[in-house]
>>> print(open('protein-v3.cif').read())   # mmCIF, C-alpha atoms
data_coords
loop_
_atom_site.group_PDB
_atom_site.id
_atom_site.type_symbol
_atom_site.label_atom_id
_atom_site.label_comp_id
_atom_site.auth_asym_id
_atom_site.auth_seq_id
_atom_site.Cartn_x
_atom_site.Cartn_y
_atom_site.Cartn_z
ATOM 1 C CA MET B 24 0.000 0.000 0.000
ATOM 2 C CA ALA B 25 1.321 3.415 -0.922
ATOM 3 C CA VAL B 26 1.178 6.571 1.148
ATOM 4 C CA SER B 27 -1.264 8.076 -1.307
ATOM 5 C CA GLU B 28 -3.703 5.296 -0.509
ATOM 6 C CA LEU B 29 -3.735 6.314 3.131
ATOM 7 C CA LEU B 30 -4.521 9.844 2.077
ATOM 8 C CA PRO B 31 -7.848 9.046 0.450
ATOM 9 C CA ASP B 32 -7.831 9.145 -3.300
ATOM 10 C CA GLU B 33 -11.140 10.915 -3.403
ATOM 11 C CA GLU B 34 -11.874 14.446 -2.435
ATOM 12 C CA VAL B 35 -12.823 14.749 1.159
ATOM 13 C CA THR B 36 -13.945 17.678 3.177
ATOM 14 C CA LEU B 37 -11.639 19.377 5.573
ATOM 15 C CA LEU B 38 -14.099 18.500 8.279
ATOM 16 C CA GLU B 39 -13.766 14.831 7.413
ATOM 17 C CA LEU B 40 -10.002 15.077 7.665
ATOM 18 C CA LEU B 41 -10.241 16.966 10.931
ATOM 19 C CA ASP B 42 -12.662 14.389 12.252
ATOM 20 C CA ARG B 43 -10.043 11.724 11.649
ATOM 21 C CA VAL B 44 -6.762 13.358 12.615
ATOM 22 C CA VAL B 45 -7.907 15.795 15.273
ATOM 23 C CA ASP B 46 -10.912 14.202 16.863
ATOM 24 C CA LYS B 47 -9.584 10.634 16.699
ATOM 25 C CA GLY B 48 -6.126 9.295 17.390
ATOM 26 C CA VAL B 49 -4.199 9.104 20.602
ATOM 27 C CA TYR B 50 -3.691 12.132 22.748
ATOM 28 C CA ILE B 51 -1.023 12.182 25.364
ATOM 29 C CA ARG B 52 -2.128 14.936 27.678
ATOM 30 C CA GLY B 53 -5.693 14.543 28.813
ATOM 31 C CA ASP B 54 -5.923 18.240 29.461
ATOM 32 C CA LEU B 55 -4.787 19.209 26.006
ATOM 33 C CA THR B 56 -7.265 21.570 24.413
ATOM 34 C CA ILE B 57 -6.958 21.812 20.688
ATOM 35 C CA SER B 58 -7.727 25.006 18.898
ATOM 36 C CA VAL B 59 -8.965 24.543 15.381
ATOM 37 C CA ALA B 60 -8.672 27.395 12.950
ATOM 38 C CA ASP B 61 -9.786 28.025 9.377
ATOM 39 C CA VAL B 62 -12.568 25.466 9.461
ATOM 40 C CA ASP B 63 -14.512 27.728 7.158
ATOM 41 C CA LEU B 64 -12.267 26.542 4.370
ATOM 42 C CA ILE B 65 -14.425 23.505 4.017
ATOM 43 C CA TYR B 66 -13.238 21.635 0.991
ATOM 44 C CA VAL B 67 -9.803 20.240 0.555
ATOM 45 C CA GLY B 68 -8.860 18.219 -2.458
ATOM 46 C CA LEU B 69 -6.651 15.523 -1.108
ATOM 47 C CA GLN B 70 -5.828 14.510 -4.635
ATOM 48 C CA ALA B 71 -3.903 17.736 -4.719
ATOM 49 C CA VAL B 72 -1.848 16.837 -1.708
ATOM 50 C CA VAL B 73 1.687 16.074 -2.656
ATOM 51 C CA THR B 74 2.315 12.764 -1.007
ATOM 52 C CA SER B 75 6.029 12.576 -1.502
ATOM 53 C CA MET B 76 7.379 11.594 1.854
ATOM 54 C CA ALA B 77 11.107 11.770 1.371
ATOM 55 C CA ARG B 78 11.430 12.591 5.024
ATOM 56 C CA ILE B 79 10.587 9.071 6.030
ATOM 57 C CA LYS B 80 12.771 6.418 4.557
ATOM 58 C CA GLY B 81 12.854 2.688 4.773
ATOM 59 C CA GLY B 82 11.215 -0.284 3.224
ATOM 60 C CA PRO B 83 7.536 -0.897 2.843
ATOM 61 C CA HIS B 84 5.520 -2.425 5.589
ATOM 62 C CA PRO B 85 5.701 -6.231 5.398
ATOM 63 C CA MET O 19 14.031 13.222 27.752
ATOM 64 C CA THR O 20 14.255 15.551 30.692
ATOM 65 C CA ASP O 21 16.025 18.214 28.708
ATOM 66 C CA GLY O 22 13.152 20.668 28.841
ATOM 67 C CA LEU O 23 12.552 20.447 25.101
ATOM 68 C CA ARG O 24 9.036 20.120 23.775
ATOM 69 C CA TYR O 25 8.050 17.703 21.070
ATOM 70 C CA TYR O 26 5.306 17.554 18.479
ATOM 71 C CA VAL O 27 4.281 13.880 18.497
ATOM 72 C CA TYR O 28 3.026 11.968 15.441
ATOM 73 C CA GLY O 29 2.731 8.495 16.877
ATOM 74 C CA VAL O 30 4.427 5.426 18.228
ATOM 75 C CA ALA O 31 6.267 2.525 16.583
ATOM 76 C CA THR O 32 8.408 -0.334 17.757
ATOM 77 C CA ALA O 33 12.061 0.361 18.509
ATOM 78 C CA PRO O 34 14.347 0.283 16.656
ATOM 79 C CA ALA O 35 12.311 2.104 14.037
ATOM 80 C CA GLY O 36 13.036 3.104 10.450
ATOM 81 C CA ALA O 37 15.286 5.949 9.474
ATOM 82 C CA VAL O 38 13.786 9.405 9.246
ATOM 83 C CA ALA O 39 15.267 12.695 8.156
ATOM 84 C CA PRO O 40 15.488 15.757 10.377
ATOM 85 C CA PRO O 41 13.616 17.554 11.717
ATOM 86 C CA LEU O 42 11.661 14.347 12.212
ATOM 87 C CA GLY O 43 13.249 12.025 14.703
ATOM 88 C CA TRP O 44 12.642 9.196 17.102
ATOM 89 C CA VAL O 45 12.550 9.393 20.853
ATOM 90 C CA GLU O 46 13.324 5.808 21.762
ATOM 91 C CA ARG O 47 12.359 4.132 24.980
ATOM 92 C CA PRO O 48 12.612 0.425 24.076
ATOM 93 C CA PRO O 49 10.569 -1.428 23.115
ATOM 94 C CA LEU O 50 8.842 1.730 21.876
ATOM 95 C CA ALA O 51 9.888 4.634 19.698
ATOM 96 C CA VAL O 52 8.007 7.898 19.296
ATOM 97 C CA LEU O 53 8.038 9.725 15.978
ATOM 98 C CA CYS O 54 8.262 13.404 16.730
ATOM 99 C CA CYS O 55 10.025 16.636 16.013
ATOM 100 C CA PRO O 56 11.207 19.462 18.238
ATOM 101 C CA TRP O 57 8.615 22.132 18.924
ATOM 102 C CA GLN O 58 9.140 25.711 19.946
ATOM 103 C CA GLY O 59 6.554 28.276 20.784
ATOM 104 C CA PRO O 60 3.060 28.084 22.209
ATOM 105 C CA ASP O 61 0.728 25.122 21.922
ATOM 106 C CA PRO O 62 -0.315 24.600 18.317
ATOM 107 C CA VAL O 63 -3.454 25.821 16.682
ATOM 108 C CA VAL O 64 -4.685 23.073 14.395
ATOM 109 C CA THR O 65 -5.017 24.591 10.988
ATOM 110 C CA ARG O 66 -5.748 22.946 7.691
ATOM 111 C CA GLN O 67 -2.027 22.988 6.963
ATOM 112 C CA LEU O 68 -1.116 21.381 10.240
ATOM 113 C CA ALA O 69 -3.813 18.720 9.943
ATOM 114 C CA LEU O 70 -2.718 17.828 6.428
ATOM 115 C CA ALA O 71 0.951 17.788 7.382
ATOM 116 C CA HIS O 72 0.158 15.551 10.325
ATOM 117 C CA ALA O 73 -1.885 13.226 8.105
ATOM 118 C CA ARG O 74 0.936 12.984 5.584
ATOM 119 C CA VAL O 75 3.613 12.117 8.118
ATOM 120 C CA VAL O 76 1.376 9.564 9.840
ATOM 121 C CA ALA O 77 0.395 7.998 6.514
ATOM 122 C CA ALA O 78 4.020 7.738 5.446
ATOM 123 C CA ALA O 79 4.923 6.069 8.726
ATOM 124 C CA ALA O 80 1.937 3.736 8.725
ATOM 125 C CA VAL O 81 2.750 2.256 5.327
ATOM 126 C CA ARG O 82 6.272 1.441 6.441
ATOM 127 C CA PHE O 83 5.896 -0.052 9.877
ATOM 128 C CA PRO O 84 3.246 -0.785 12.508
ATOM 129 C CA PHE O 85 2.303 2.638 13.817
ATOM 130 C CA VAL O 86 -0.062 3.945 16.477
ATOM 131 C CA PRO O 87 -1.148 7.387 15.276
ATOM 132 C CA CYS O 88 -1.513 10.280 17.645
ATOM 133 C CA ALA O 89 -4.088 12.959 17.064
ATOM 134 C CA ALA O 90 -2.873 16.186 15.498
ATOM 135 C CA GLY O 91 -1.687 18.791 17.917
ATOM 136 C CA ASN O 92 0.055 16.765 20.630
ATOM 137 C CA VAL O 93 2.890 18.866 21.999
ATOM 138 C CA VAL O 94 4.492 17.604 25.185
ATOM 139 C CA THR O 95 7.658 17.982 27.171
ATOM 140 C CA GLY O 96 10.223 15.213 27.268
ATOM 141 C CA ALA O 97 9.244 14.423 30.833
ATOM 142 C CA GLU O 98 5.575 14.143 29.918
ATOM 143 C CA LEU O 99 6.475 11.883 27.023
ATOM 144 C CA SER O 100 8.580 9.632 29.259
ATOM 145 C CA ASP O 101 5.841 9.363 31.861
ATOM 146 C CA TRP O 102 3.265 8.569 29.198
ATOM 147 C CA LEU O 103 5.422 5.877 27.572
ATOM 148 C CA ASP O 104 6.187 4.271 30.909
ATOM 149 C CA GLY O 105 2.562 4.301 31.958
ATOM 150 C CA ARG O 106 1.164 3.069 28.642
ATOM 151 C CA ARG O 107 3.806 0.584 27.578
ATOM 152 C CA THR O 108 1.528 -2.460 27.692
ATOM 153 C CA PRO O 109 -1.433 -0.950 25.796
ATOM 154 C CA LEU O 110 0.922 0.662 23.289
ATOM 155 C CA CYS O 111 2.619 -2.660 22.560
ATOM 156 C CA GLY O 112 -0.811 -4.280 22.331
ATOM 157 C CA ALA O 113 -2.020 -1.576 19.950
ATOM 158 C CA LEU O 114 1.014 -2.007 17.703
ATOM 159 C CA GLU O 115 0.289 -5.706 17.475
ATOM 160 C CA ARG O 116 -3.461 -5.267 16.996
ATOM 161 C CA LEU O 117 -3.276 -2.431 14.460
ATOM 162 C CA GLY O 118 -0.119 -3.325 12.540
ATOM 163 C CA GLY O 119 -0.891 -4.041 8.893
ATOM 164 C CA ARG O 120 -4.420 -2.716 9.267
ATOM 165 C CA VAL O 121 -6.281 0.376 8.142
ATOM 166 C CA GLU O 122 -9.636 1.796 9.088
ATOM 167 C CA PHE O 123 -12.660 3.048 7.215
ATOM 168 C CA ALA O 124 -15.476 5.254 8.453
ATOM 169 C CA LEU O 125 -18.896 4.366 7.096
ATOM 170 C CA LYS O 126 -21.581 6.980 7.614
ATOM 171 C CA LEU O 127 -25.237 6.308 6.951
ATOM 172 C CA TRP O 128 -27.964 8.905 7.119
ATOM 173 C CA ARG O 129 -31.516 9.603 6.132
ATOM 174 C CA ARG O 130 -31.844 12.177 3.364
ATOM 175 C CA ALA O 131 -35.259 13.394 4.411
ATOM 176 C CA PRO O 132 -35.093 15.455 7.590
ATOM 177 C CA ALA O 133 -36.615 13.855 10.610
ATOM 178 C CA ALA O 134 -40.073 15.092 11.455
ATOM 179 C CA ALA O 135 -40.446 17.537 14.321
ATOM 180 C CA PRO O 136 -40.944 15.744 17.621
ATOM 181 C CA PRO O 137 -44.647 15.102 18.115
ATOM 182 C CA ALA O 138 -46.265 16.659 21.092
ATOM 183 C CA GLY O 139 -48.166 13.591 22.212
ATOM 184 C CA GLY O 140 -46.521 10.873 24.247
ATOM 185 C CA ARG O 141 -47.783 8.038 22.072
ATOM 186 C CA ALA O 142 -46.705 9.752 18.852
ATOM 187 C CA TYR O 143 -43.310 10.495 20.377
ATOM 188 C CA LEU O 144 -42.805 6.855 21.276
ATOM 189 C CA ALA O 145 -43.827 5.840 17.766
ATOM 190 C CA GLN O 146 -41.206 8.179 16.349
ATOM 191 C CA LEU O 147 -38.540 6.735 18.621
ATOM 192 C CA ARG O 148 -39.466 3.246 17.474
ATOM 193 C CA ALA O 149 -39.263 4.335 13.833
ATOM 194 C CA GLU O 150 -35.797 5.831 14.362
ATOM 195 C CA SER O 151 -34.680 2.715 16.174
ATOM 196 C CA ARG O 152 -35.861 0.627 13.239
ATOM 197 C CA LEU O 153 -33.952 2.811 10.772
ATOM 198 C CA ARG O 154 -30.783 2.463 12.830
ATOM 199 C CA ALA O 155 -31.243 -1.293 12.972
ATOM 200 C CA GLU O 156 -31.668 -1.363 9.191
ATOM 201 C CA ALA O 157 -28.501 0.672 8.775
ATOM 202 C CA ARG O 158 -26.619 -1.701 11.018
ATOM 203 C CA ALA O 159 -27.952 -4.679 9.098
ATOM 204 C CA LEU O 160 -26.493 -3.173 5.924
ATOM 205 C CA VAL O 161 -23.054 -3.004 7.519
ATOM 206 C CA GLU O 162 -23.431 -6.570 8.735
ATOM 207 C CA ARG O 163 -23.959 -7.693 5.148
ATOM 208 C CA LEU O 164 -20.243 -7.145 4.530
ATOM 209 C CA PRO O 165 -18.634 -10.547 3.932
ATOM 210 C CA ALA O 166 -17.698 -12.463 7.036
ATOM 211 C CA GLY O 167 -14.029 -12.260 7.858
ATOM 212 C CA LEU O 168 -13.456 -9.110 5.836
ATOM 213 C CA VAL O 169 -13.697 -6.743 8.790
ATOM 214 C CA THR O 170 -11.398 -7.372 11.740
ATOM 215 C CA GLU O 171 -13.289 -5.101 14.137
ATOM 216 C CA VAL O 172 -16.307 -2.862 13.883
ATOM 217 C CA HIS O 173 -17.474 -0.184 16.297
ATOM 218 C CA TYR O 174 -20.816 1.562 15.968
ATOM 219 C CA THR O 175 -21.596 5.088 17.036
ATOM 220 C CA GLU O 176 -24.622 7.317 16.508
ATOM 221 C CA PRO O 177 -23.343 10.848 15.921
ATOM 222 C CA PRO O 178 -25.906 13.630 15.678
ATOM 223 C CA GLY O 179 -27.427 13.852 12.229
ATOM 224 C CA LEU O 180 -26.502 10.312 11.256
ATOM 225 C CA LEU O 181 -28.413 7.090 11.567
ATOM 226 C CA LEU O 182 -25.175 5.279 12.203
ATOM 227 C CA GLN O 183 -21.430 5.510 11.861
ATOM 228 C CA ALA O 184 -19.425 2.318 11.648
ATOM 229 C CA GLU O 185 -15.688 2.329 12.217
ATOM 230 C CA LEU O 186 -14.215 -0.620 10.349
ATOM 231 C CA LEU O 187 -10.762 -2.069 10.923
ATOM 232 C CA VAL O 188 -9.499 -4.185 8.031
ATOM 233 C CA ALA O 189 -6.263 -5.681 6.820
ATOM 234 C CA TRP O 190 -4.937 -3.244 4.288
ATOM 235 C CA SER O 191 -4.672 -6.054 1.783
ATOM 236 C CA ASP O 192 -8.471 -6.183 2.047
ATOM 237 C CA ALA O 193 -9.065 -2.457 1.574
ATOM 238 C CA GLU O 194 -10.094 -2.751 -2.055
ATOM 239 C CA ARG O 195 -12.247 -5.760 -1.312
ATOM 240 C CA LEU O 196 -14.056 -3.758 1.363
ATOM 241 C CA ARG O 197 -14.693 -0.890 -1.041
ATOM 242 C CA ALA O 198 -16.050 -3.260 -3.657
ATOM 243 C CA ALA O 199 -18.233 -5.128 -1.175
ATOM 244 C CA TRP O 200 -19.688 -1.901 0.189
ATOM 245 C CA ALA O 201 -20.287 -0.494 -3.294
ATOM 246 C CA GLU O 202 -22.365 -3.552 -4.054
ATOM 247 C CA ILE O 203 -24.409 -3.119 -0.891
ATOM 248 C CA ALA O 204 -24.753 0.646 -1.337
ATOM 249 C CA ALA O 205 -26.120 0.184 -4.848
ATOM 250 C CA GLY O 206 -29.269 -1.195 -3.265
ATOM 251 C CA LEU O 207 -29.787 1.640 -0.809
ATOM 252 C CA PRO O 208 -33.247 3.234 -0.806
ATOM 253 C CA ALA O 209 -33.352 6.655 -2.426
ATOM 254 C CA ASP O 210 -33.972 8.375 0.885
ATOM 255 C CA ARG O 211 -30.774 7.022 2.475
ATOM 256 C CA GLY O 212 -27.291 8.398 2.115
ATOM 257 C CA ALA O 213 -24.011 6.658 2.759
ATOM 258 C CA ARG O 214 -20.351 7.492 2.513
ATOM 259 C CA LEU O 215 -17.371 5.227 2.963
ATOM 260 C CA SER O 216 -14.244 7.153 3.884
ATOM 261 C CA GLY O 217 -10.809 5.612 3.931
ATOM 262 C CA PRO O 218 -8.529 3.839 4.132
ATOM 263 C CA TRP O 219 -7.052 5.812 6.998
ATOM 264 C CA PRO O 220 -4.283 4.930 9.390
ATOM 265 C CA PRO O 221 -6.065 3.511 12.421
ATOM 266 C CA TYR O 222 -6.674 6.785 14.289
ATOM 267 C CA TYR O 223 -10.013 5.747 15.709
ATOM 268 C CA PHE O 224 -8.971 2.332 16.943
ATOM 269 C CA ALA O 225 -5.729 3.669 18.386
ATOM 270 C CA GLY O 226 -7.800 6.183 20.309
ATOM 271 C CA VAL O 227 -10.102 3.473 21.614
ATOM 272 C CA ILE O 228 -7.175 1.419 22.848
ATOM 273 C CA LEU O 229 -5.121 4.236 24.356
ATOM 274 C CA ASN O 230 -7.699 6.819 25.364
ATOM 275 C CA GLY O 231 -10.528 4.457 26.160
ATOM 276 C CA GLU O 232 -13.984 4.528 24.622
ATOM 277 C CA ALA O 233 -14.840 7.706 26.475
ATOM 278 C CA GLY O 234 -11.759 9.377 25.102
ATOM 279 C CA VAL O 235 -12.740 9.118 21.472
ATOM 280 C CA GLY O 236 -13.816 12.451 20.159
ATOM 281 C CA ARG O 237 -12.007 15.000 22.234
ATOM 282 C CA GLN O 238 -13.163 18.478 22.861
ATOM 283 C CA SER O 239 -11.754 21.120 20.611
ATOM 284 C CA GLY O 240 -11.948 24.844 20.804
ATOM 285 C CA ARG O 241 -12.346 26.661 17.535
ATOM 286 C CA CYS O 242 -10.787 29.917 16.578
ATOM 287 C CA GLY O 243 -12.123 32.128 13.897
ATOM 288 C CA ALA O 244 -10.830 31.921 10.352
ATOM 289 C CA GLY O 245 -7.285 33.061 10.092
ATOM 290 C CA ALA O 246 -6.710 32.907 13.805
ATOM 291 C CA GLY O 247 -3.158 31.766 13.613
ATOM 292 C CA GLU O 248 -1.537 29.686 10.932
ATOM 293 C CA ALA O 249 0.781 27.664 13.093
ATOM 294 C CA GLY O 250 3.268 25.767 11.029
ATOM 295 C CA ILE O 251 3.992 22.179 11.850
ATOM 296 C CA GLY O 252 7.144 21.620 13.789
ATOM 297 C CA ALA O 253 8.453 19.379 11.055
ATOM 298 C CA GLY O 254 9.237 22.448 9.039
ATOM 299 C CA GLY O 255 9.377 21.355 5.433
ATOM 300 C CA ALA O 256 6.967 18.526 6.140
ATOM 301 C CA ALA O 257 4.161 21.063 6.220
ATOM 302 C CA PRO O 258 2.335 20.854 2.924
ATOM 303 C CA ALA O 259 2.043 23.919 0.799
ATOM 304 C CA VAL O 260 -1.336 22.825 -0.445
ATOM 305 C CA ALA O 261 -3.991 25.457 -0.349
ATOM 306 C CA GLY O 262 -6.154 24.216 -3.164
ATOM 307 C CA THR O 263 -9.842 23.888 -2.683
ATOM 308 C CA GLY O 264 -11.714 21.130 -4.357
ATOM 309 C CA GLY O 265 -15.400 20.733 -4.837
ATOM 310 C CA GLY O 266 -15.785 17.323 -3.298
ATOM 311 C CA ALA O 267 -18.884 16.969 -1.241
ATOM 312 C CA ALA O 268 -19.772 14.208 1.091
ATOM 313 C CA GLY O 269 -22.532 11.984 0.012
#
>>> encode(input="protein-v3.cif", output="structure tokens")
Amino acid sequence: MAVSELLPDEEVTLLELLDRVVDKGVYIRGDLTISVADVDLIYVGLQAVVTSMARIKGGPHP
Amino acid sequence: MTDGLRYYVYGVATAPAGAVAPPLGWVERPPLAVLCCPWQGPDPVVTRQLALAHARVVAAAAVRFPFVPCAAGNVVTGAELSDWLDGRRTPLCGALERLGGRVEFALKLWRRAPAAAPPAGGRAYLAQLRAESRLRAEARALVERLPAGLVTEVHYTEPPGLLLQAELLVAWSDAERLRAAWAEIAAGLPADRGARLSGPWPPYYFAGVILNGEAGVGRQSGRCGAGAGEAGIGAGGAAPAVAGTGGGAAG
């Protein structure tokens, strides 16, 4: 599976992305309050996201 | 990790982990390793840019090794990180084993026609509750029509405005099979029902369930107004420069 497949290949709303990466996932400090800005910019075309991830190297997941 | 530095945390892998390029780095506390980067300044404001940058780094990690994704915006001191790793070692190791090689999908089902206003009478109100309960049961039955063995785990929630949301954990080798199976089921949906399958995602939801507990899924967030701070991600160049707006709508 490629990185681009984990960034959905369809257009998703910013709110959908925020729902996944802000509202879900592990948080370390229980008292952490997250401020979310620019939610009025609703639509984000994830197809447009450059998924080159040269910063992480190594082989694919087995 | 008691050096007073603060870290922006992406998630947790097994030590020793794969090579990464600065400013990304690993804070290792065997058998665990935390993917993070140094952070300076106040706590982050989660902007579109930060959320996308976070998603990209997590996705890149998750395709390369078992990875427990953190939510966007976790900035902690080294001491806090050490305490957390020490206190959560067992569930973190369990999560890496349970989630490794798996991805998640979110399946939302809703009724297109708005629900009728609550009736005033007690009997009518109860009838409406029964009708809604039946619709939710029908939605759940649709999810349960997915082929046996395809979904590793499923969790159901009932967010406001939806009949049902199913969080589906699947082996990523089955991701396409899940899409195809759901497309077949969705083709038979009544005209007044809507559905959207979103994914595959790194297993944010299931990691949250394991590490935060059921009650910890869906944290509170404060919202600033538009333009209220465009905090860059600590990973510097990892922050995407994408500002394009697409026209994709859910549904």
>>> closest_residue(input="protein-v3.cif", among="O:Phe123, O:Trp102, O:Tyr28, O:Tyr143", to="Gln183 in chain O", atoms="only C-alpha atoms")
O:Phe123
>>> resolve_selection(input="protein-v3.cif", expression="the PyMOL selection byres ((chain O and resi 41) around 7)", output="PyMOL selection string")
chain O and resi 39-40+42-43+55+253
>>> resolve_selection(input="protein-v3.cif", expression="the PyMOL selection byres ((chain O and resi 162-170) around 6)", output="list in words")
Ala159, Leu160, Val161, Glu171, Leu187 and Val188 of chain O
>>> atom_distance(input="protein-v3.cif", atom1="CA of Leu103 in chain O", atom2="CA of Leu53 in chain O")
12.5 Å
>>> resolve_selection(input="protein-v3.cif", expression="the PyMOL selection byres ((chain O and resi 208-212) around 6)", output="PDB file with C-alpha atoms, in the frame of the given file")
ATOM      1  CA  LEU O 127     -25.237   6.308   6.951  1.00  0.00           C
ATOM      2  CA  TRP O 128     -27.964   8.905   7.119  1.00  0.00           C
ATOM      3  CA  ARG O 129     -31.516   9.603   6.132  1.00  0.00           C
ATOM      4  CA  ARG O 130     -31.844  12.177   3.364  1.00  0.00           C
ATOM      5  CA  LEU O 207     -29.787   1.640  -0.809  1.00  0.00           C
ATOM      6  CA  ALA O 213     -24.011   6.658   2.759  1.00  0.00           C
TER       7      ALA O 213
END
>>> closest_residue(input="protein-v3.cif", among="O:Ala184, O:Ala113, O:Val64, O:Leu23", to="Pro84 in chain O", atoms="only C-alpha atoms")
O:Ala113
>>> closest_residue(input="protein-v3.cif", among="O:Ala193, O:Leu182, O:Ala69, O:Val38", to="Leu38 in chain B", atoms="all atoms listed in the file")
O:Ala69
>>> atom_distance(input="protein-v3.cif", atom1="CA of Trp219 in chain O", atom2="CA of Glu122 in chain O")
5.2 Å
>>> atom_distance(input="protein-v3.cif", atom1="CA of Thr95 in chain O", atom2="CA of Val75 in chain O")
20.3 Å
>>> closest_residue(input="protein-v3.cif", among="O:Ala157, O:Ala31, O:Val93, O:Ala51", to="chain B", atoms="all atoms listed in the file")
O:Val93
